[in-house]
>>> print(open('upload28.cif').read())   # mmCIF, C-alpha atoms, pLDDT in the B column; chains and numbers go by the auth columns
data_model
#
loop_
_atom_site.group_PDB
_atom_site.id
_atom_site.type_symbol
_atom_site.label_atom_id
_atom_site.label_comp_id
_atom_site.label_asym_id
_atom_site.label_seq_id
_atom_site.Cartn_x
_atom_site.Cartn_y
_atom_site.Cartn_z
_atom_site.B_iso_or_equiv
_atom_site.auth_seq_id
_atom_site.auth_asym_id
ATOM 1 C CA GLY A 1 -18.055 -29.534 57.612 48.00 23 R
ATOM 2 C CA GLY A 2 -16.796 -31.763 60.460 47.00 24 R
ATOM 3 C CA ASN A 3 -13.381 -33.207 59.544 44.00 25 R
ATOM 4 C CA ARG A 4 -12.625 -30.922 56.619 44.00 26 R
ATOM 5 C CA GLN A 5 -9.322 -29.109 57.061 43.00 27 R
ATOM 6 C CA GLY A 6 -8.367 -25.888 55.414 43.00 28 R
ATOM 7 C CA ARG A 7 -5.661 -26.787 52.848 42.00 29 R
ATOM 8 C CA GLY A 8 -3.680 -24.516 50.581 41.00 30 R
ATOM 9 C CA ARG A 9 -4.839 -24.688 46.987 39.00 31 R
ATOM 10 C CA THR A 10 -2.310 -25.330 44.257 39.00 32 R
ATOM 11 C CA GLY A 11 -1.779 -23.010 41.332 39.00 33 R
ATOM 12 C CA ALA A 12 -1.196 -19.316 40.881 40.00 34 R
ATOM 13 C CA TRP A 13 -3.580 -16.986 42.625 38.00 35 R
ATOM 14 C CA SER A 14 -4.167 -13.274 42.601 38.00 36 R
ATOM 15 C CA ARG A 15 -5.810 -11.041 45.203 42.00 37 R
ATOM 16 C CA PRO A 16 -8.122 -12.424 47.921 44.00 38 R
ATOM 17 C CA GLY A 17 -11.856 -12.273 47.443 47.00 39 R
ATOM 18 C CA LEU A 18 -14.534 -11.821 50.088 48.00 40 R
ATOM 19 C CA PRO A 19 -14.300 -14.049 53.213 47.00 41 R
ATOM 20 C CA ARG A 20 -17.127 -16.523 53.860 51.00 42 R
ATOM 21 C CA ARG A 21 -17.937 -18.844 56.749 50.00 43 R
ATOM 22 C CA LEU A 22 -17.973 -22.599 56.235 49.00 44 R
ATOM 23 C CA GLY A 23 -18.408 -25.111 59.118 52.00 45 R
ATOM 24 C CA GLY A 24 -17.317 -22.612 61.756 54.00 46 R
ATOM 25 C CA ARG A 25 -14.160 -21.580 59.875 58.00 47 R
ATOM 26 C CA VAL A 26 -13.507 -18.461 57.869 54.00 48 R
ATOM 27 C CA TRP A 27 -12.491 -19.204 54.283 53.00 49 R
ATOM 28 C CA VAL A 28 -11.186 -16.679 51.825 53.00 50 R
ATOM 29 C CA ASP A 29 -11.931 -17.262 48.142 55.00 51 R
ATOM 30 C CA MET A 30 -8.923 -16.657 45.928 56.00 52 R
ATOM 31 C CA ALA A 31 -9.449 -15.778 42.267 57.00 53 R
ATOM 32 C CA PRO A 32 -7.024 -17.658 39.974 60.00 54 R
ATOM 33 C CA ILE A 33 -4.731 -15.568 37.799 56.00 55 R
ATOM 34 C CA GLN A 34 -5.659 -15.821 34.150 59.00 56 R
ATOM 35 C CA GLU A 35 -2.405 -16.366 32.287 63.00 57 R
ATOM 36 C CA VAL A 36 -2.233 -14.317 29.094 70.00 58 R
ATOM 37 C CA GLU A 37 -0.953 -16.347 26.172 88.00 59 R
ATOM 38 C CA GLN A 38 1.914 -14.837 24.237 92.00 60 R
ATOM 39 C CA SER A 39 3.377 -15.692 20.853 94.00 61 R
ATOM 40 C CA GLU A 40 6.355 -14.647 18.765 95.00 62 R
ATOM 41 C CA TYR A 41 5.834 -12.349 15.790 96.00 63 R
ATOM 42 C CA LEU A 42 7.945 -10.994 12.952 95.00 64 R
ATOM 43 C CA CYS A 43 7.421 -7.999 10.659 94.00 65 R
ATOM 44 C CA THR A 44 8.776 -8.384 7.126 94.00 66 R
ATOM 45 C CA LEU A 45 8.640 -7.025 3.597 92.00 67 R
ATOM 46 C CA GLN A 46 7.686 -9.730 1.101 92.00 68 R
ATOM 47 C CA PRO A 47 7.420 -9.583 -2.684 91.00 69 R
ATOM 48 C CA CYS A 48 3.782 -10.054 -3.683 90.00 70 R
ATOM 49 C CA ALA A 49 3.076 -13.753 -4.233 89.00 71 R
ATOM 50 C CA SER A 50 2.037 -13.207 -7.855 88.00 72 R
ATOM 51 C CA SER A 51 4.998 -10.965 -8.714 89.00 73 R
ATOM 52 C CA ASP A 52 7.808 -11.952 -11.056 90.00 74 R
ATOM 53 C CA LEU A 53 10.363 -11.702 -8.241 91.00 75 R
ATOM 54 C CA ALA A 54 8.435 -13.961 -5.859 92.00 76 R
ATOM 55 C CA GLN A 55 7.898 -16.568 -8.556 92.00 77 R
ATOM 56 C CA ALA A 56 11.555 -16.405 -9.603 94.00 78 R
ATOM 57 C CA LEU A 57 12.775 -16.789 -6.001 94.00 79 R
ATOM 58 C CA LEU A 58 10.638 -19.880 -5.444 94.00 80 R
ATOM 59 C CA ALA A 59 11.790 -21.345 -8.762 95.00 81 R
ATOM 60 C CA ARG A 60 15.444 -20.746 -7.817 95.00 82 R
ATOM 61 C CA ARG A 61 14.859 -22.356 -4.422 95.00 83 R
ATOM 62 C CA ALA A 62 13.525 -25.460 -6.177 95.00 84 R
ATOM 63 C CA SER A 63 16.509 -25.406 -8.563 96.00 85 R
ATOM 64 C CA CYS A 64 18.914 -25.392 -5.609 96.00 86 R
ATOM 65 C CA ILE A 65 17.253 -28.508 -4.214 95.00 87 R
ATOM 66 C CA LEU A 66 17.416 -30.261 -7.585 96.00 88 R
ATOM 67 C CA ALA A 67 21.088 -29.308 -7.883 96.00 89 R
ATOM 68 C CA GLY A 68 21.796 -31.157 -4.635 96.00 90 R
ATOM 69 C CA TYR A 69 22.167 -28.196 -2.288 96.00 91 R
ATOM 70 C CA GLY A 70 19.237 -29.297 -0.130 92.00 92 R
ATOM 71 C CA VAL A 71 17.521 -26.879 2.229 91.00 93 R
ATOM 72 C CA ASP A 72 18.509 -24.748 5.204 94.00 94 R
ATOM 73 C CA ALA A 73 16.778 -22.424 7.669 92.00 95 R
ATOM 74 C CA THR A 74 15.892 -19.891 4.953 93.00 96 R
ATOM 75 C CA GLY A 75 13.526 -22.478 3.466 91.00 97 R
ATOM 76 C CA LEU A 76 11.325 -22.319 6.573 87.00 98 R
ATOM 77 C CA TYR A 77 9.945 -18.933 5.521 88.00 99 R
ATOM 78 C CA PRO A 78 8.651 -17.254 2.375 92.00 100 R
ATOM 79 C CA PRO A 79 11.277 -15.014 0.744 94.00 101 R
ATOM 80 C CA HIS A 80 11.353 -11.861 2.862 94.00 102 R
ATOM 81 C CA VAL A 81 13.299 -8.865 4.094 94.00 103 R
ATOM 82 C CA SER A 82 13.170 -8.538 7.896 94.00 104 R
ATOM 83 C CA VAL A 83 11.861 -5.186 9.130 94.00 105 R
ATOM 84 C CA THR A 84 12.040 -6.248 12.800 95.00 106 R
ATOM 85 C CA GLY A 85 13.500 -9.126 14.734 95.00 107 R
ATOM 86 C CA PHE A 86 11.178 -11.646 16.377 95.00 108 R
ATOM 87 C CA PHE A 87 9.212 -10.088 19.230 96.00 109 R
ATOM 88 C CA THR A 88 6.918 -11.500 21.921 96.00 110 R
ATOM 89 C CA ALA A 89 3.392 -10.146 22.336 96.00 111 R
ATOM 90 C CA THR A 90 -0.150 -11.103 23.242 95.00 112 R
ATOM 91 C CA ARG A 91 -2.751 -11.354 20.495 93.00 113 R
ATOM 92 C CA GLU A 92 -4.178 -8.022 21.584 95.00 114 R
ATOM 93 C CA GLN A 93 -0.764 -6.355 21.508 96.00 115 R
ATOM 94 C CA ALA A 94 -0.026 -7.895 18.105 95.00 116 R
ATOM 95 C CA SER A 95 -3.323 -6.589 16.732 95.00 117 R
ATOM 96 C CA THR A 96 -2.517 -3.107 18.026 96.00 118 R
ATOM 97 C CA PHE A 97 0.980 -3.401 16.525 96.00 119 R
ATOM 98 C CA CYS A 98 -0.587 -4.140 13.113 95.00 120 R
ATOM 99 C CA GLU A 99 -2.716 -0.996 13.407 94.00 121 R
ATOM 100 C CA LEU A 100 0.417 0.922 14.362 94.00 122 R
ATOM 101 C CA ALA A 101 2.218 -0.447 11.290 93.00 123 R
ATOM 102 C CA ARG A 102 -0.670 0.625 9.034 91.00 124 R
ATOM 103 C CA ARG A 103 -0.600 4.159 10.437 90.00 125 R
ATOM 104 C CA GLU A 104 3.174 4.450 10.198 88.00 126 R
ATOM 105 C CA LEU A 105 3.099 3.092 6.647 85.00 127 R
ATOM 106 C CA GLU A 106 0.783 5.928 5.603 83.00 128 R
ATOM 107 C CA HIS A 107 3.263 8.530 6.827 78.00 129 R
ATOM 108 C CA ALA A 108 6.519 6.729 6.081 75.00 130 R
ATOM 109 C CA ALA A 109 8.902 8.030 3.452 67.00 131 R
ATOM 110 C CA LEU A 110 9.152 4.552 1.942 69.00 132 R
ATOM 111 C CA ARG A 111 10.013 4.605 -1.723 67.00 133 R
ATOM 112 C CA ALA A 112 10.412 1.860 -4.298 74.00 134 R
ATOM 113 C CA VAL A 113 11.960 -1.321 -2.921 84.00 135 R
ATOM 114 C CA GLU A 114 14.481 -2.706 -5.381 87.00 136 R
ATOM 115 C CA ALA A 115 16.404 -5.981 -5.520 89.00 137 R
ATOM 116 C CA ARG A 116 20.022 -5.585 -6.642 90.00 138 R
ATOM 117 C CA SER A 117 23.002 -7.949 -6.726 93.00 139 R
ATOM 118 C CA ILE A 118 23.589 -11.415 -5.234 96.00 140 R
ATOM 119 C CA VAL A 119 26.190 -11.492 -2.455 95.00 141 R
ATOM 120 C CA ALA A 120 27.958 -14.593 -1.056 96.00 142 R
ATOM 121 C CA THR A 121 29.481 -13.810 2.347 95.00 143 R
ATOM 122 C CA ASP A 122 32.461 -15.351 4.143 93.00 144 R
ATOM 123 C CA GLY A 123 30.084 -16.345 6.941 94.00 145 R
ATOM 124 C CA GLY A 124 28.219 -18.881 4.800 96.00 146 R
ATOM 125 C CA HIS A 125 25.278 -16.737 3.690 97.00 147 R
ATOM 126 C CA VAL A 126 23.904 -15.920 0.262 97.00 148 R
ATOM 127 C CA LEU A 127 22.025 -12.615 0.201 97.00 149 R
ATOM 128 C CA LEU A 128 20.007 -10.607 -2.262 96.00 150 R
ATOM 129 C CA ASP A 129 21.015 -6.991 -1.774 95.00 151 R
ATOM 130 C CA ILE A 130 17.957 -4.784 -1.234 92.00 152 R
ATOM 131 C CA ILE A 131 17.619 -1.029 -1.666 90.00 153 R
ATOM 132 C CA ALA A 132 14.656 0.267 0.365 87.00 154 R
ATOM 133 C CA PRO A 133 14.897 4.028 0.970 85.00 155 R
ATOM 134 C CA GLY A 134 13.094 5.015 4.173 86.00 156 R
ATOM 135 C CA ALA A 135 12.662 1.439 5.403 88.00 157 R
ATOM 136 C CA ALA A 136 15.192 1.669 8.245 86.00 158 R
ATOM 137 C CA GLU A 137 13.486 4.825 9.541 88.00 159 R
ATOM 138 C CA PHE A 138 10.113 3.064 9.280 91.00 160 R
ATOM 139 C CA SER A 139 11.487 0.137 11.290 92.00 161 R
ATOM 140 C CA ALA A 140 12.786 2.511 13.976 91.00 162 R
ATOM 141 C CA ALA A 141 9.371 4.204 14.184 92.00 163 R
ATOM 142 C CA LEU A 142 7.720 0.812 14.701 94.00 164 R
ATOM 143 C CA THR A 143 10.161 0.080 17.523 95.00 165 R
ATOM 144 C CA THR A 144 9.295 3.335 19.270 95.00 166 R
ATOM 145 C CA GLY A 145 5.559 2.802 18.869 95.00 167 R
ATOM 146 C CA ALA A 146 5.767 -0.805 20.076 96.00 168 R
ATOM 147 C CA ALA A 147 7.623 0.290 23.230 96.00 169 R
ATOM 148 C CA ALA A 148 4.578 2.370 24.160 95.00 170 R
ATOM 149 C CA LEU A 149 2.528 -0.854 23.996 94.00 171 R
ATOM 150 C CA GLY A 150 4.935 -2.619 26.331 95.00 172 R
ATOM 151 C CA VAL A 151 6.378 -4.672 23.469 96.00 173 R
ATOM 152 C CA GLY A 152 10.129 -4.864 22.877 97.00 174 R
ATOM 153 C CA VAL A 153 10.906 -4.796 19.154 96.00 175 R
ATOM 154 C CA ARG A 154 14.379 -4.891 17.621 95.00 176 R
ATOM 155 C CA PRO A 155 14.619 -2.835 14.408 94.00 177 R
ATOM 156 C CA LYS A 156 16.442 -4.154 11.347 93.00 178 R
ATOM 157 C CA ILE A 157 18.393 -2.179 8.774 89.00 179 R
ATOM 158 C CA VAL A 158 16.307 -3.628 5.898 91.00 180 R
ATOM 159 C CA ARG A 159 19.136 -4.214 3.423 92.00 181 R
ATOM 160 C CA HIS A 160 18.971 -7.838 2.312 95.00 182 R
ATOM 161 C CA LEU A 161 16.842 -10.891 1.601 96.00 183 R
ATOM 162 C CA SER A 162 18.417 -14.171 2.761 96.00 184 R
ATOM 163 C CA LEU A 163 18.706 -16.866 0.090 97.00 185 R
ATOM 164 C CA ALA A 164 20.859 -19.401 1.993 97.00 186 R
ATOM 165 C CA SER A 165 22.558 -19.722 5.380 96.00 187 R
ATOM 166 C CA CYS A 166 25.182 -21.836 7.175 95.00 188 R
ATOM 167 C CA ARG A 167 26.774 -23.034 3.913 96.00 189 R
ATOM 168 C CA GLY A 168 30.295 -23.822 2.825 95.00 190 R
ATOM 169 C CA SER A 169 32.086 -21.496 0.426 91.00 191 R
ATOM 170 C CA GLY A 170 31.567 -23.840 -2.538 94.00 192 R
ATOM 171 C CA GLU A 171 27.860 -24.114 -1.819 96.00 193 R
ATOM 172 C CA CYS A 172 27.555 -20.343 -1.491 97.00 194 R
ATOM 173 C CA SER A 173 29.138 -19.849 -4.908 96.00 195 R
ATOM 174 C CA GLY A 174 26.866 -22.413 -6.543 97.00 196 R
ATOM 175 C CA ILE A 175 23.683 -21.105 -4.922 97.00 197 R
ATOM 176 C CA ALA A 176 24.626 -17.526 -5.812 97.00 198 R
ATOM 177 C CA ALA A 177 25.151 -18.516 -9.445 96.00 199 R
ATOM 178 C CA LEU A 178 21.698 -20.154 -9.581 96.00 200 R
ATOM 179 C CA HIS A 179 20.117 -16.903 -8.378 96.00 201 R
ATOM 180 C CA GLU A 180 21.688 -14.637 -10.971 93.00 202 R
ATOM 181 C CA GLY A 181 19.298 -12.802 -13.281 92.00 203 R
ATOM 182 C CA LEU A 182 16.499 -12.173 -10.764 91.00 204 R
ATOM 183 C CA PRO A 183 14.022 -9.414 -11.690 87.00 205 R
ATOM 184 C CA SER A 184 14.565 -6.158 -9.775 80.00 206 R
ATOM 185 C CA GLN A 185 10.942 -5.835 -8.591 68.00 207 R
ATOM 186 C CA GLY A 186 10.893 -2.084 -8.213 63.00 208 R
ATOM 187 C CA GLY A 187 7.721 -0.123 -7.566 58.00 209 R
ATOM 188 C CA SER A 188 4.799 -1.387 -5.485 59.00 210 R
ATOM 189 C CA GLY A 189 5.309 -5.154 -5.780 81.00 211 R
ATOM 190 C CA TRP A 190 6.026 -5.584 -2.058 87.00 212 R
ATOM 191 C CA GLU A 191 3.796 -6.175 0.960 89.00 213 R
ATOM 192 C CA LEU A 192 4.324 -5.478 4.663 91.00 214 R
ATOM 193 C CA VAL A 193 3.531 -8.690 6.561 93.00 215 R
ATOM 194 C CA VAL A 194 3.255 -9.414 10.291 94.00 216 R
ATOM 195 C CA SER A 195 3.559 -13.176 10.868 93.00 217 R
ATOM 196 C CA GLU A 196 2.960 -15.288 13.962 93.00 218 R
ATOM 197 C CA LEU A 197 5.371 -18.128 14.760 89.00 219 R
ATOM 198 C CA THR A 198 3.171 -21.184 15.333 85.00 220 R
ATOM 199 C CA ARG A 199 5.685 -24.045 15.295 79.00 221 R
ATOM 200 C CA ARG A 200 9.431 -24.556 15.561 73.00 222 R
ATOM 201 C CA SER A 201 11.188 -27.068 13.322 64.00 223 R
ATOM 202 C CA ASP A 202 13.516 -29.646 14.872 59.00 224 R
#
>>> encode(input="upload28.cif", output="structure tokens")
Amino acid sequence: GGNRQGRGRTGAWSRPGLPRRLGGRVWVDMAPIQEVEQSEYLCTLQPCASSDLAQALLARRASCILAGYGVDATGLYPPHVSVTGFFTATREQASTFCELARRELEHAALRAVEARSIVATDGGHVLLDIIAPGAAEFSAALTTGAAALGVGVRPKIVRHLSLASCRGSGECSGIAALHEGLPSQGGSGWELVVSELTRRSD
């Protein structure tokens, strides 16, 4: 009406809608852009929660804390072997990625996943060496399939499970010693898991 002036609206807007007349002026309705929420996801192999290996890994983690080694970034996650790096996707894309992973898993030449020796690296990591025939090829297939969805996924070589990170050499030796004697967990005692990152630790 009378003194109303046409002012620009704040926010993000998409294409114009149909013009309409208001108080002698022509107004154009603008439809707001609906922002699509994205999250970070990670695809991993994890020993089944009830398996001997999973229980032993959690027990060793507790033993490390009791021995005075404290915790590091590896304690933020369940014991796992990364199949991909973190990737960003919408919920819909992530759901489609899970379906892709199921299909690829049916055709993958994945054989028994086996835990081997404990390795302490010069870079401050303690690793459980993993033998997973066909897993690297499976990871590469996921990367290719995800690209078709518009999702960038970084494949991993699927060779180790992290037990500790950013440690001194003495700590690495002690933590490695506490993890000796882990069960090998061959056969079907592993699960493919796609996780959503919901919170970052300070």
>>> closest_atom_pairs(input="upload28.cif", of="stretch 77-151 of chain R", to="stretch 190-208 of chain R", cutoff="12 Å", atoms="all atoms listed in the file", output="CSV")
residue,atom,partner,partner_atom,distance
R:Gln77,CA,R:Leu204,CA,9.9
R:Ala78,CA,R:Leu204,CA,6.6
R:Leu79,CA,R:Leu204,CA,7.6
R:Leu80,CA,R:His201,CA,10.4
R:Ala81,CA,R:His201,CA,9.4
R:Arg82,CA,R:His201,CA,6.1
R:Arg83,CA,R:His201,CA,8.5
R:Ala84,CA,R:Leu200,CA,10.3
R:Ser85,CA,R:Leu200,CA,7.5
R:Cys86,CA,R:Ile197,CA,6.4
R:Ile87,CA,R:Ile197,CA,9.8
R:Leu88,CA,R:Leu200,CA,11.2
R:Ala89,CA,R:Gly196,CA,9.1
R:Gly90,CA,R:Glu193,CA,9.7
R:Tyr91,CA,R:Glu193,CA,7.0
R:Gly92,CA,R:Glu193,CA,10.2
R:Val93,CA,R:Ile197,CA,11.1
R:Asp94,CA,R:Glu193,CA,11.7
R:Arg133,CA,R:Gly208,CA,9.4
R:Ala134,CA,R:Gly208,CA,5.6
R:Val135,CA,R:Gly208,CA,5.5
R:Glu136,CA,R:Gly208,CA,4.6
R:Ala137,CA,R:Ser206,CA,4.6
R:Arg138,CA,R:Ser206,CA,6.3
R:Ser139,CA,R:Glu202,CA,8.0
R:Ile140,CA,R:Ala198,CA,6.2
R:Val141,CA,R:Ala198,CA,7.1
R:Ala142,CA,R:Cys194,CA,5.8
R:Thr143,CA,R:Cys194,CA,7.8
R:Asp144,CA,R:Ser191,CA,7.2
R:Gly145,CA,R:Gly190,CA,8.5
R:Gly146,CA,R:Gly190,CA,5.7
R:His147,CA,R:Cys194,CA,6.7
R:Val148,CA,R:Cys194,CA,6.0
R:Leu149,CA,R:Ala198,CA,8.2
R:Leu150,CA,R:His201,CA,8.8
R:Asp151,CA,R:Ser206,CA,10.3
>>> closest_residue(input="upload28.cif", among="R:Ala76, R:Ala154, R:Val215, R:Ala130", to="R:Arg181", atoms="all atoms listed in the file")
R:Ala154
>>> atom_distance(input="upload28.cif", atom1="atom CA of R:Ala162", atom2="atom CA of R:Gly107")
11.7 Å
>>> resolve_selection(input="upload28.cif", expression="the PyMOL selection byres ((chain R and resi 122) around 12)", output="ChimeraX atom specification")
/R:65,115-121,123-130,160-161,163-171,216
>>> resolve_selection(input="upload28.cif", expression="the PyMOL selection byres ((chain R and resi 179) around 9)", output="MDAnalysis selection string")
chainID R and resid 104:106 157:159 161:162 177:178 180:182
>>> atom_distance(input="upload28.cif", atom1="atom CA of R:Leu183", atom2="atom CA of R:Glu62")
20.5 Å
>>> atom_distance(input="upload28.cif", atom1="atom CA of R:Ala95", atom2="atom CA of R:Gly156")
27.9 Å
>>> closest_residue(input="upload28.cif", among="R:Phe109, R:Ser187, R:Thr220, R:Leu67", to="R:Gly97", atoms="all atoms listed in the file")
R:Ser187
>>> axis_aligned_box(input="upload28.cif", around="stretch 69-73 of chain R", padding_each_side="3 Å", output="AutoDock Vina command-line options")
--center_x 4.7 --center_y -11.7 --center_z -5.7 --size_x 11.4 --size_y 10.2 --size_z 12.0
>>> closest_residue(input="upload28.cif", among="R:Ser73, R:Thr66, R:Ser61, R:Ser184", to="R:Arg221", atoms="all atoms listed in the file")
R:Ser61
>>> closest_residue(input="upload28.cif", among="R:Ala111, R:Leu185, R:Ile153, R:Val175", to="R:Glu59", atoms="all atoms listed in the file")
R:Ala111
>>> closest_residue(input="upload28.cif", among="R:Thr96, R:Thr110, R:His102, R:Ser72", to="R:Val58", atoms="all atoms listed in the file")
R:Thr110
